>>> print(open('work-v9.cif').read())   # mmCIF, C-alpha atoms and all ligand atoms
data_query
loop_
_atom_site.label_atom_id
_atom_site.label_comp_id
_atom_site.auth_asym_id
_atom_site.auth_seq_id
_atom_site.Cartn_x
_atom_site.Cartn_y
_atom_site.Cartn_z
CA MET A 1 -13.17 2.32 6.05
CA LEU A 2 -12.18 4.14 2.85
CA GLU A 3 -14.40 5.20 -0.01
CA ALA A 4 -13.07 7.23 -2.94
CA ARG A 5 -15.32 8.15 -5.85
CA GLY A 6 -14.60 10.07 -9.02
CA VAL A 7 -11.28 11.37 -7.73
CA GLN A 8 -9.62 13.98 -9.93
CA VAL A 9 -6.09 15.28 -9.61
CA SER A 10 -4.28 17.75 -11.83
CA ILE A 11 -0.62 18.58 -11.48
CA GLY A 12 0.69 21.72 -13.16
CA GLY A 13 -2.48 21.89 -15.27
CA THR A 14 -2.11 18.31 -16.51
CA PRO A 15 -4.91 15.92 -15.52
CA ILE A 16 -3.39 12.89 -13.77
CA LEU A 17 -6.54 11.34 -12.28
CA ALA A 18 -9.85 11.80 -14.06
CA GLY A 19 -12.32 9.59 -12.22
CA ALA A 20 -10.66 7.11 -9.89
CA ASN A 21 -12.72 4.94 -7.54
CA LEU A 22 -11.55 2.80 -4.66
CA THR A 23 -13.27 1.15 -1.70
CA VAL A 24 -11.45 -0.63 1.13
CA ARG A 25 -13.24 -2.27 4.06
CA ARG A 26 -11.80 -3.51 7.33
CA GLY A 27 -10.36 -6.98 7.04
CA GLN A 28 -10.00 -6.57 3.30
CA LEU A 29 -6.91 -6.50 1.13
CA VAL A 30 -7.51 -4.49 -2.02
CA ALA A 31 -4.91 -4.57 -4.78
CA LEU A 32 -4.60 -1.45 -6.93
CA VAL A 33 -3.11 -2.41 -10.28
CA GLY A 34 -2.48 -0.69 -13.59
CA PRO A 35 0.29 0.04 -16.08
CA ASN A 36 3.23 2.31 -15.28
CA GLY A 37 2.09 5.91 -15.14
CA ALA A 38 -1.61 4.98 -14.80
CA GLY A 39 -1.92 7.03 -11.61
CA LYS A 40 -1.67 4.38 -8.88
CA SER A 41 0.77 6.28 -6.68
CA THR A 42 -1.13 9.53 -7.20
CA LEU A 43 -4.38 7.86 -6.10
CA ALA A 44 -2.67 6.23 -3.11
CA ARG A 45 -1.26 9.60 -2.08
CA ALA A 46 -4.62 11.30 -2.62
CA VAL A 47 -6.54 8.85 -0.44
CA ALA A 48 -3.77 9.10 2.17
CA GLY A 49 -4.43 12.85 2.30
CA LEU A 50 -1.01 13.66 0.85
CA GLN A 51 -2.12 14.90 -2.56
CA LYS A 52 -4.56 17.70 -3.28
CA THR A 53 -7.57 16.71 -5.37
CA CYS A 54 -9.72 18.87 -7.66
CA GLY A 55 -12.81 16.71 -7.87
CA GLY A 56 -14.60 13.68 -6.52
CA SER A 57 -14.75 12.57 -2.91
CA ILE A 58 -12.50 10.68 -0.53
CA CYS A 59 -13.95 9.63 2.82
CA TRP A 60 -12.43 7.83 5.77
CA GLN A 61 -15.17 6.34 7.94
CA GLY A 62 -17.51 8.78 6.27
CA VAL A 63 -15.36 11.85 6.97
CA ASP A 64 -13.99 13.89 4.05
CA VAL A 65 -10.22 13.50 3.95
CA ARG A 66 -9.85 17.29 3.54
CA ARG A 67 -11.20 17.66 7.07
CA LEU A 68 -8.63 15.25 8.48
CA ARG A 69 -5.16 16.48 9.31
CA GLY A 70 -2.12 15.62 11.36
CA ARG A 71 -2.72 13.22 14.17
CA ARG A 72 -6.32 12.49 13.29
CA LEU A 73 -5.29 11.33 9.83
CA ALA A 74 -2.27 9.47 11.21
CA ARG A 75 -4.52 7.54 13.57
CA LEU A 76 -6.69 6.42 10.66
CA ARG A 77 -4.14 5.34 8.10
CA ALA A 78 -0.48 4.50 7.80
CA PHE A 79 1.22 5.06 4.46
CA VAL A 80 4.24 3.23 3.10
CA PRO A 81 5.52 5.30 0.16
CA GLN A 82 6.88 3.84 -3.07
CA ARG A 83 10.19 5.62 -2.79
CA SER A 84 11.42 6.58 0.58
CA ARG A 85 14.77 8.08 1.27
CA VAL A 86 16.95 5.98 3.56
CA PRO A 87 18.44 8.36 6.12
CA ASP A 88 22.01 7.84 7.32
CA GLY A 89 22.77 6.86 10.87
CA VAL A 90 19.26 5.69 11.82
CA ARG A 91 18.81 2.31 13.47
CA VAL A 92 15.83 0.05 12.89
CA ARG A 93 14.30 0.42 16.35
CA ASP A 94 14.50 4.23 16.16
CA ALA A 95 12.92 4.20 12.70
CA VAL A 96 10.04 2.07 13.96
CA MET A 97 9.58 4.46 16.91
CA ILE A 98 8.99 7.25 14.35
CA GLY A 99 5.74 5.41 13.59
CA ARG A 100 4.65 6.21 17.15
CA SER A 101 4.93 9.98 16.69
CA PRO A 102 1.15 10.53 16.31
CA HIS A 103 0.76 9.00 19.78
CA ILE A 104 3.59 10.80 21.54
CA GLY A 105 2.66 14.24 22.85
CA PRO A 106 4.92 17.26 22.33
CA PHE A 107 7.65 17.58 24.99
CA ARG A 108 7.00 14.00 26.07
CA GLY A 109 9.24 11.01 25.55
CA ALA A 110 8.14 7.57 24.43
CA SER A 111 6.10 5.79 27.09
CA ARG A 112 6.12 2.14 27.97
CA SER A 113 3.12 1.55 25.71
CA ASP A 114 5.03 3.19 22.82
CA HIS A 115 7.96 0.82 23.38
CA GLU A 116 5.53 -2.10 23.54
CA ALA A 117 3.88 -1.05 20.28
CA VAL A 118 7.31 -0.83 18.61
CA ALA A 119 8.23 -4.30 19.88
CA ARG A 120 4.91 -5.70 18.62
CA ALA A 121 5.35 -4.12 15.19
CA MET A 122 8.91 -5.48 14.90
CA ALA A 123 7.82 -8.96 16.00
CA ARG A 124 4.88 -8.97 13.55
CA THR A 125 7.15 -8.12 10.63
CA GLY A 126 10.02 -10.36 11.73
CA VAL A 127 12.56 -7.56 12.09
CA GLY A 128 13.25 -7.98 15.82
CA ASP A 129 16.73 -9.35 15.12
CA LEU A 130 17.50 -6.25 13.06
CA ALA A 131 16.61 -3.76 15.81
CA GLY A 132 20.16 -2.45 16.23
CA ARG A 133 21.06 -2.37 12.53
CA LEU A 134 21.49 0.83 10.54
CA LEU A 135 18.77 1.22 7.89
CA ASN A 136 21.28 1.72 5.08
CA THR A 137 22.84 -1.70 5.76
CA LEU A 138 19.60 -3.63 5.20
CA SER A 139 18.72 -5.72 2.15
CA GLY A 140 15.76 -4.61 0.04
CA GLY A 141 13.45 -7.18 1.61
CA GLU A 142 14.56 -6.33 5.16
CA PHE A 143 14.11 -2.61 4.53
CA GLN A 144 10.61 -3.15 3.14
CA ARG A 145 9.63 -5.16 6.24
CA VAL A 146 11.01 -2.37 8.43
CA GLN A 147 8.90 0.14 6.49
CA ILE A 148 5.84 -1.97 7.20
CA ALA A 149 6.89 -2.15 10.87
CA VAL A 150 7.04 1.66 11.00
CA ALA A 151 3.52 1.76 9.59
CA LEU A 152 2.23 -0.88 12.03
CA ALA A 153 3.70 0.94 15.01
CA GLN A 154 1.35 3.77 14.09
CA GLU A 155 -1.51 1.39 15.02
CA ALA A 156 -3.91 2.82 12.46
CA PRO A 157 -6.80 0.65 11.23
CA ALA A 158 -5.75 1.10 7.59
CA LEU A 159 -2.45 0.45 5.89
CA LEU A 160 -1.62 1.81 2.42
CA ALA A 161 1.48 0.31 0.82
CA ASP A 162 2.72 1.62 -2.54
CA GLU A 163 4.64 -1.11 -4.41
CA PRO A 164 6.19 -2.68 -1.31
CA THR A 165 7.38 -5.61 -3.42
CA ALA A 166 9.04 -3.61 -6.20
CA HIS A 167 12.74 -4.50 -6.41
CA LEU A 168 12.30 -7.55 -4.16
CA ASP A 169 13.21 -11.07 -5.21
CA LEU A 170 10.49 -13.71 -5.48
CA GLY A 171 10.86 -15.05 -1.94
CA ALA A 172 10.94 -11.62 -0.34
CA SER A 173 7.92 -10.54 -2.44
CA ALA A 174 5.98 -13.60 -1.32
CA ALA A 175 6.92 -12.95 2.32
CA ALA A 176 5.74 -9.33 2.09
CA ALA A 177 2.51 -10.45 0.38
CA VAL A 178 1.80 -13.05 3.07
CA LEU A 179 2.44 -10.47 5.78
CA LEU A 180 -0.03 -8.00 4.24
CA ARG A 181 -2.62 -10.77 3.74
CA ARG A 182 -2.32 -11.77 7.44
CA LEU A 183 -2.66 -8.14 8.53
CA ALA A 184 -5.91 -7.94 6.58
CA ASP A 185 -7.05 -11.24 8.09
CA ASP A 186 -6.39 -9.70 11.51
CA GLY A 187 -8.81 -6.88 10.67
CA LEU A 188 -6.76 -4.11 9.04
CA ALA A 189 -7.99 -2.43 5.87
CA VAL A 190 -5.05 -2.93 3.49
CA LEU A 191 -4.45 -1.22 0.16
CA LEU A 192 -1.65 -2.80 -1.82
CA VAL A 193 -0.42 -0.97 -4.90
CA VAL A 194 1.32 -3.60 -6.96
CA HIS A 195 2.20 -4.25 -10.57
CA ASP A 196 2.57 -8.02 -10.24
CA LEU A 197 -0.86 -9.23 -11.36
CA ALA A 198 -0.36 -12.84 -10.29
CA LEU A 199 0.57 -11.65 -6.80
CA ALA A 200 -2.43 -9.32 -6.73
CA ALA A 201 -4.77 -12.13 -7.79
CA ALA A 202 -3.28 -14.48 -5.20
CA VAL A 203 -3.65 -12.28 -2.13
CA ALA A 204 -6.36 -9.70 -2.81
CA ASP A 205 -10.05 -9.85 -1.91
CA GLN A 206 -10.73 -7.18 -4.51
CA VAL A 207 -8.72 -5.87 -7.43
CA VAL A 208 -9.06 -2.31 -8.71
CA VAL A 209 -7.69 -1.58 -12.18
CA ILE A 210 -6.65 1.95 -13.02
CA ASP A 211 -5.76 3.03 -16.54
CA HIS A 212 -5.00 6.57 -17.74
CA GLY A 213 -6.17 7.99 -14.40
CA ARG A 214 -9.54 6.24 -14.33
CA THR A 215 -10.78 3.17 -12.52
CA VAL A 216 -11.81 0.81 -15.29
CA ALA A 217 -12.71 -2.25 -13.19
CA GLU A 218 -13.25 -3.30 -9.57
CA GLY A 219 -14.03 -6.81 -8.33
CA ASP A 220 -12.71 -10.35 -7.97
CA ALA A 221 -9.37 -10.98 -9.64
CA GLU A 222 -10.79 -13.61 -12.00
CA ALA A 223 -13.59 -11.32 -13.11
CA VAL A 224 -11.45 -8.22 -13.46
CA LEU A 225 -8.21 -9.59 -14.90
CA ASP A 226 -9.65 -11.53 -17.79
CA ARG A 227 -7.92 -11.93 -21.11
CA GLY A 228 -9.76 -9.04 -22.73
CA ARG A 229 -8.83 -6.59 -20.01
CA LEU A 230 -5.19 -7.71 -19.93
CA ALA A 231 -5.09 -7.03 -23.67
CA ALA A 232 -6.93 -3.70 -23.43
CA VAL A 233 -5.06 -2.24 -20.46
CA TRP A 234 -1.61 -3.88 -20.61
CA ASP A 235 -1.53 -4.59 -24.35
CA VAL A 236 -0.48 -8.17 -23.78
CA ASP A 237 -1.88 -11.60 -24.65
CA ALA A 238 -2.00 -13.18 -21.21
CA GLN A 239 -4.24 -15.32 -19.06
CA LEU A 240 -4.49 -15.68 -15.34
CA GLU A 241 -4.81 -19.19 -13.96
CA THR A 242 -5.54 -20.24 -10.39
CA ARG A 243 -5.31 -23.92 -9.57
CA ASP A 244 -4.70 -25.75 -6.27
CA GLY A 245 -4.12 -22.45 -4.49
CA ARG A 246 -1.41 -21.40 -6.95
CA THR A 247 -1.78 -18.42 -9.23
CA ALA A 248 0.07 -17.98 -12.50
CA LEU A 249 0.02 -15.48 -15.27
CA HIS A 250 0.59 -17.18 -18.61
CA VAL A 251 2.02 -14.64 -21.01
CA GLU A 252 2.66 -14.90 -24.71
CA TRP A 253 6.04 -13.21 -24.62
CA LEU A 254 6.98 -13.56 -28.28
CA PRO A 255 3.83 -13.33 -30.37
P1 LIG A 301 1.90 4.98 -11.31
O1 LIG A 301 2.14 4.95 -9.84
O2 LIG A 301 0.65 4.26 -11.73
O3 LIG A 301 3.07 4.48 -12.10
P2 LIG A 301 1.88 7.85 -10.94
O4 LIG A 301 0.70 8.13 -10.10
O5 LIG A 301 3.22 7.88 -10.28
O6 LIG A 301 1.66 6.50 -11.74
O7 LIG A 301 1.92 8.90 -12.12
C1 LIG A 301 0.82 9.10 -13.01
C2 LIG A 301 1.19 10.14 -14.02
O8 LIG A 301 1.31 11.39 -13.39
C3 LIG A 301 2.51 9.88 -14.71
O9 LIG A 301 2.38 10.25 -16.06
C4 LIG A 301 3.46 10.80 -14.00
O10 LIG A 301 4.50 11.19 -14.84
C5 LIG A 301 2.57 11.96 -13.62
N1 LIG A 301 3.00 12.63 -12.39
C6 LIG A 301 3.01 12.09 -11.15
N2 LIG A 301 3.48 12.98 -10.25
C7 LIG A 301 3.76 14.09 -10.94
C8 LIG A 301 4.27 15.39 -10.58
N3 LIG A 301 4.58 15.70 -9.31
N4 LIG A 301 4.43 16.29 -11.57
C9 LIG A 301 4.12 15.99 -12.84
N5 LIG A 301 3.62 14.82 -13.23
C10 LIG A 301 3.45 13.87 -12.31
MG MG A 302 3.70 4.30 -8.63
#
>>> encode(input="work-v9.cif", output="structure tokens")
Amino acid sequence: MLEARGVQVSIGGTPILAGANLTVRRGQLVALVGPNGAGKSTLARAVAGLQKTCGGSICWQGVDVRRLRGRRLARLRAFVPQRSRVPDGVRVRDAVMIGRSPHIGPFRGASRSDHEAVARAMARTGVGDLAGRLLNTLSGGEFQRVQIAVALAQEAPALLADEPTAHLDLGASAAAAVLLRRLADDGLAVLLVVHDLALAAAVADQVVVIDHGRTVAEGDAEAVLDRGRLAAVWDVDAQLETRDGRTALHVEWLP
């Protein structure tokens, strides 16, 4: 679905990405991890077609992202940004309808199939009961699920979510992680940018590690997040453990 190789991005003359790789297939959940400032959001924005690149290649179903614009891009991928402004006076069902905009022609209102897609997206994310609520009255977890509903209403085969679990409590993070895992199981290509390594290891098919703007590892969580790499990239003495379907990160907090 998505193949990015050797991606380079410079902002204001400063190199931000200097060789980032990422592959996401249909039905796969890929976790993009790395320390703060490593370039995760920049890479997510670049593959989404929202950030200009100066090297490397990004292809969606074999088509260079630079050739994809507007509706064509919107029908391939939905993007849930890390920080999104919460507008005043907007209700949940109207926000989710915004996800339909690539399907609604100019000078045309929402059709029955648009309303059905909105209802499906709200049901899938469990926000149906919130349909009439104003966005700025939602809890963090509720708002994040609404953001995913907006993306699902777009009905694109790929979903890119940048830190959807940041600022969520443990239960809400787990709920969001389960939702994304199920969406991948249903056939979507899902990219999850996340800094919680235990969560990444628990739900991802593949983990991509980015450090200082470069992809330094791609593969199974156990292979990629070994003790040596946790020390090299995160400067921490830690070990990942998966047992009986539970994943834990054992950290030496006070060496
Ligand atoms: P991450 O998401 O991994 O925390 P980002 O992709 O947000 O990292 O940022 C990577 C680096 O690029 C950081 O050092 C950040 O300060 C810098 N950066 C990101 N966006 C901009 C920008 N618009 N202008 C200048 N520097 C930026
Ligand atoms: Mg980020």
>>> residues_near_ligand(input="work-v9.cif", ligand="ligand LIG 301 (chain A)", cutoff="10 Å", atoms="all atoms listed in the file", output="ChimeraX atom specification")
/A:9-17,32-46,51,82,162-163,193-195,210-213
>>> residues_around(input="work-v9.cif", residues="A:Leu191", least_positions_apart="5", cutoff="12 Å", atoms="all atoms listed in the file", output="PyMOL selection string")
chain A and resi 1-3+22-33+40-41+43-45+47-48+77-81+157-164+177+180-181+183-184+200+203-208
>>> write_last_selection(input="work-v9.cif", atoms="C-alpha atoms", output="JSON list (two decimals), in the coordinates of the input")
[["chain", "number", "residue", "atom", "x", "y", "z"],
["A", 1, "MET", "CA", -13.17, 2.32, 6.05],
["A", 2, "LEU", "CA", -12.18, 4.14, 2.85],
["A", 3, "GLU", "CA", -14.40, 5.20, -0.01],
["A", 22, "LEU", "CA", -11.55, 2.80, -4.66],
["A", 23, "THR", "CA", -13.27, 1.15, -1.70],
["A", 24, "VAL", "CA", -11.45, -0.63, 1.13],
["A", 25, "ARG", "CA", -13.24, -2.27, 4.06],
["A", 26, "ARG", "CA", -11.80, -3.51, 7.33],
["A", 27, "GLY", "CA", -10.36, -6.98, 7.04],
["A", 28, "GLN", "CA", -10.00, -6.57, 3.30],
["A", 29, "LEU", "CA", -6.91, -6.50, 1.13],
["A", 30, "VAL", "CA", -7.51, -4.49, -2.02],
["A", 31, "ALA", "CA", -4.91, -4.57, -4.78],
["A", 32, "LEU", "CA", -4.60, -1.45, -6.93],
["A", 33, "VAL", "CA", -3.11, -2.41, -10.28],
["A", 40, "LYS", "CA", -1.67, 4.38, -8.88],
["A", 41, "SER", "CA", 0.77, 6.28, -6.68],
["A", 43, "LEU", "CA", -4.38, 7.86, -6.10],
["A", 44, "ALA", "CA", -2.67, 6.23, -3.11],
["A", 45, "ARG", "CA", -1.26, 9.60, -2.08],
["A", 47, "VAL", "CA", -6.54, 8.85, -0.44],
["A", 48, "ALA", "CA", -3.77, 9.10, 2.17],
["A", 77, "ARG", "CA", -4.14, 5.34, 8.10],
["A", 78, "ALA", "CA", -0.48, 4.50, 7.80],
["A", 79, "PHE", "CA", 1.22, 5.06, 4.46],
["A", 80, "VAL", "CA", 4.24, 3.23, 3.10],
["A", 81, "PRO", "CA", 5.52, 5.30, 0.16],
["A", 157, "PRO", "CA", -6.80, 0.65, 11.23],
["A", 158, "ALA", "CA", -5.75, 1.10, 7.59],
["A", 159, "LEU", "CA", -2.45, 0.45, 5.89],
["A", 160, "LEU", "CA", -1.62, 1.81, 2.42],
["A", 161, "ALA", "CA", 1.48, 0.31, 0.82],
["A", 162, "ASP", "CA", 2.72, 1.62, -2.54],
["A", 163, "GLU", "CA", 4.64, -1.11, -4.41],
["A", 164, "PRO", "CA", 6.19, -2.68, -1.31],
["A", 177, "ALA", "CA", 2.51, -10.45, 0.38],
["A", 180, "LEU", "CA", -0.03, -8.00, 4.24],
["A", 181, "ARG", "CA", -2.62, -10.77, 3.74],
["A", 183, "LEU", "CA", -2.66, -8.14, 8.53],
["A", 184, "ALA", "CA", -5.91, -7.94, 6.58],
["A", 200, "ALA", "CA", -2.43, -9.32, -6.73],
["A", 203, "VAL", "CA", -3.65, -12.28, -2.13],
["A", 204, "ALA", "CA", -6.36, -9.70, -2.81],
["A", 205, "ASP", "CA", -10.05, -9.85, -1.91],
["A", 206, "GLN", "CA", -10.73, -7.18, -4.51],
["A", 207, "VAL", "CA", -8.72, -5.87, -7.43],
["A", 208, "VAL", "CA", -9.06, -2.31, -8.71]]
>>> residues_around(input="work-v9.cif", residues="A:Ala110", least_positions_apart="6", cutoff="10 Å", atoms="all atoms listed in the file", output="PyMOL selection string")
chain A and resi 97+100-101+103-104
>>> closest_residue(input="work-v9.cif", among="A:Asp237, A:Asp114, A:Asp88, A:Asp196", to="A:Ala166", atoms="all atoms listed in the file")
A:Asp196
>>> residues_around(input="work-v9.cif", residues="stretch 125-130 of chain A", least_positions_apart="6", cutoff="10 Å", atoms="only C-alpha atoms", output="list in words")
Arg91, Val92, Arg93, Val118, Ala119, Leu138, Glu142, Phe143, Gln144, Arg145, Val146, Gln147, Ile148, Ala149, Val150, Leu152, Ala175, Ala176, Leu179 and Leu180 of chain A
>>> closest_residue(input="work-v9.cif", among="A:Leu168, A:Val236, A:Leu192, A:Ala121", to="ligand MG 302 (chain A)", atoms="only C-alpha atoms and all ligand atoms")
A:Leu192
>>> atom_distance(input="work-v9.cif", atom1="atom CA of A:Arg75", atom2="atom CA of A:Gly49")
12.5 Å
>>> atom_distance(input="work-v9.cif", atom1="atom CA of A:Val233", atom2="atom CA of A:Leu199")
17.5 Å
>>> decode(input="work-v9.cif", residues="stretch 58-119 of chain A", atoms="C-alpha atoms", output="PDB file, in the first residue's frame")
ATOM      1  CA  ILE A  58       7.185   7.765  -1.323  1.00  0.00           C
ATOM      2  CA  CYS A  59       4.717   5.624  -3.265  1.00  0.00           C
ATOM      3  CA  TRP A  60       1.087   4.781  -2.644  1.00  0.00           C
ATOM      4  CA  GLN A  61       0.119   1.657  -4.577  1.00  0.00           C
ATOM      5  CA  GLY A  62       3.150   2.332  -6.733  1.00  0.00           C
ATOM      6  CA  VAL A  63       2.237   5.953  -7.492  1.00  0.00           C
ATOM      7  CA  ASP A  64       4.581   8.751  -6.402  1.00  0.00           C
ATOM      8  CA  VAL A  65       2.881  10.783  -3.676  1.00  0.00           C
ATOM      9  CA  ARG A  66       3.885  14.012  -5.477  1.00  0.00           C
ATOM     10  CA  ARG A  67       1.521  13.019  -8.282  1.00  0.00           C
ATOM     11  CA  LEU A  68      -1.379  12.546  -5.878  1.00  0.00           C
ATOM     12  CA  ARG A  69      -3.408  15.524  -4.763  1.00  0.00           C
ATOM     13  CA  GLY A  70      -6.736  16.467  -3.277  1.00  0.00           C
ATOM     14  CA  ARG A  71      -9.418  13.875  -3.611  1.00  0.00           C
ATOM     15  CA  ARG A  72      -7.181  11.201  -5.081  1.00  0.00           C
ATOM     16  CA  LEU A  73      -4.899  11.382  -2.055  1.00  0.00           C
ATOM     17  CA  ALA A  74      -7.857  11.606   0.328  1.00  0.00           C
ATOM     18  CA  ARG A  75      -9.304   8.426  -1.130  1.00  0.00           C
ATOM     19  CA  LEU A  76      -6.046   6.588  -0.458  1.00  0.00           C
ATOM     20  CA  ARG A  77      -5.208   7.643   3.063  1.00  0.00           C
ATOM     21  CA  ALA A  78      -6.781   9.278   6.067  1.00  0.00           C
ATOM     22  CA  PHE A  79      -4.532  11.187   8.449  1.00  0.00           C
ATOM     23  CA  VAL A  80      -5.118  11.799  12.144  1.00  0.00           C
ATOM     24  CA  PRO A  81      -2.705  14.578  13.164  1.00  0.00           C
ATOM     25  CA  GLN A  82      -0.833  14.692  16.466  1.00  0.00           C
ATOM     26  CA  ARG A  83      -2.186  18.070  17.420  1.00  0.00           C
ATOM     27  CA  SER A  84      -5.452  19.141  16.019  1.00  0.00           C
ATOM     28  CA  ARG A  85      -7.242  22.289  16.968  1.00  0.00           C
ATOM     29  CA  VAL A  86     -10.657  21.704  18.510  1.00  0.00           C
ATOM     30  CA  PRO A  87     -13.040  24.140  16.825  1.00  0.00           C
ATOM     31  CA  ASP A  88     -15.798  25.786  18.863  1.00  0.00           C
ATOM     32  CA  GLY A  89     -19.434  25.029  18.215  1.00  0.00           C
ATOM     33  CA  VAL A  90     -18.919  21.835  16.181  1.00  0.00           C
ATOM     34  CA  ARG A  91     -20.867  18.726  17.088  1.00  0.00           C
ATOM     35  CA  VAL A  92     -19.504  15.206  16.778  1.00  0.00           C
ATOM     36  CA  ARG A  93     -21.732  14.110  13.898  1.00  0.00           C
ATOM     37  CA  ASP A  94     -20.840  17.217  11.869  1.00  0.00           C
ATOM     38  CA  ALA A  95     -17.142  16.669  12.535  1.00  0.00           C
ATOM     39  CA  VAL A  96     -17.389  13.076  11.323  1.00  0.00           C
ATOM     40  CA  MET A  97     -19.224  14.277   8.191  1.00  0.00           C
ATOM     41  CA  ILE A  98     -16.144  16.409   7.398  1.00  0.00           C
ATOM     42  CA  GLY A  99     -14.410  13.081   6.750  1.00  0.00           C
ATOM     43  CA  ARG A 100     -16.827  12.571   3.854  1.00  0.00           C
ATOM     44  CA  SER A 101     -15.744  15.743   2.034  1.00  0.00           C
ATOM     45  CA  PRO A 102     -13.592  13.887  -0.549  1.00  0.00           C
ATOM     46  CA  HIS A 103     -16.748  12.014  -1.575  1.00  0.00           C
ATOM     47  CA  ILE A 104     -19.168  14.926  -1.663  1.00  0.00           C
ATOM     48  CA  GLY A 105     -19.145  16.860  -4.931  1.00  0.00           C
ATOM     49  CA  PRO A 106     -19.065  20.672  -5.001  1.00  0.00           C
ATOM     50  CA  PHE A 107     -22.536  22.259  -4.712  1.00  0.00           C
ATOM     51  CA  ARG A 108     -23.941  18.936  -3.537  1.00  0.00           C
ATOM     52  CA  GLY A 109     -25.144  18.054  -0.069  1.00  0.00           C
ATOM     53  CA  ALA A 110     -24.413  14.851   1.787  1.00  0.00           C
ATOM     54  CA  SER A 111     -26.182  11.872   0.235  1.00  0.00           C
ATOM     55  CA  ARG A 112     -27.738   8.923   1.978  1.00  0.00           C
ATOM     56  CA  SER A 113     -24.550   6.912   1.475  1.00  0.00           C
ATOM     57  CA  ASP A 114     -22.563   9.728   3.144  1.00  0.00           C
ATOM     58  CA  HIS A 115     -24.875   9.617   6.169  1.00  0.00           C
ATOM     59  CA  GLU A 116     -24.540   5.837   6.243  1.00  0.00           C
ATOM     60  CA  ALA A 117     -20.745   6.056   6.134  1.00  0.00           C
ATOM     61  CA  VAL A 118     -20.807   8.544   9.025  1.00  0.00           C
ATOM     62  CA  ALA A 119     -23.060   6.252  11.055  1.00  0.00           C
TER      63      ALA A 119
END
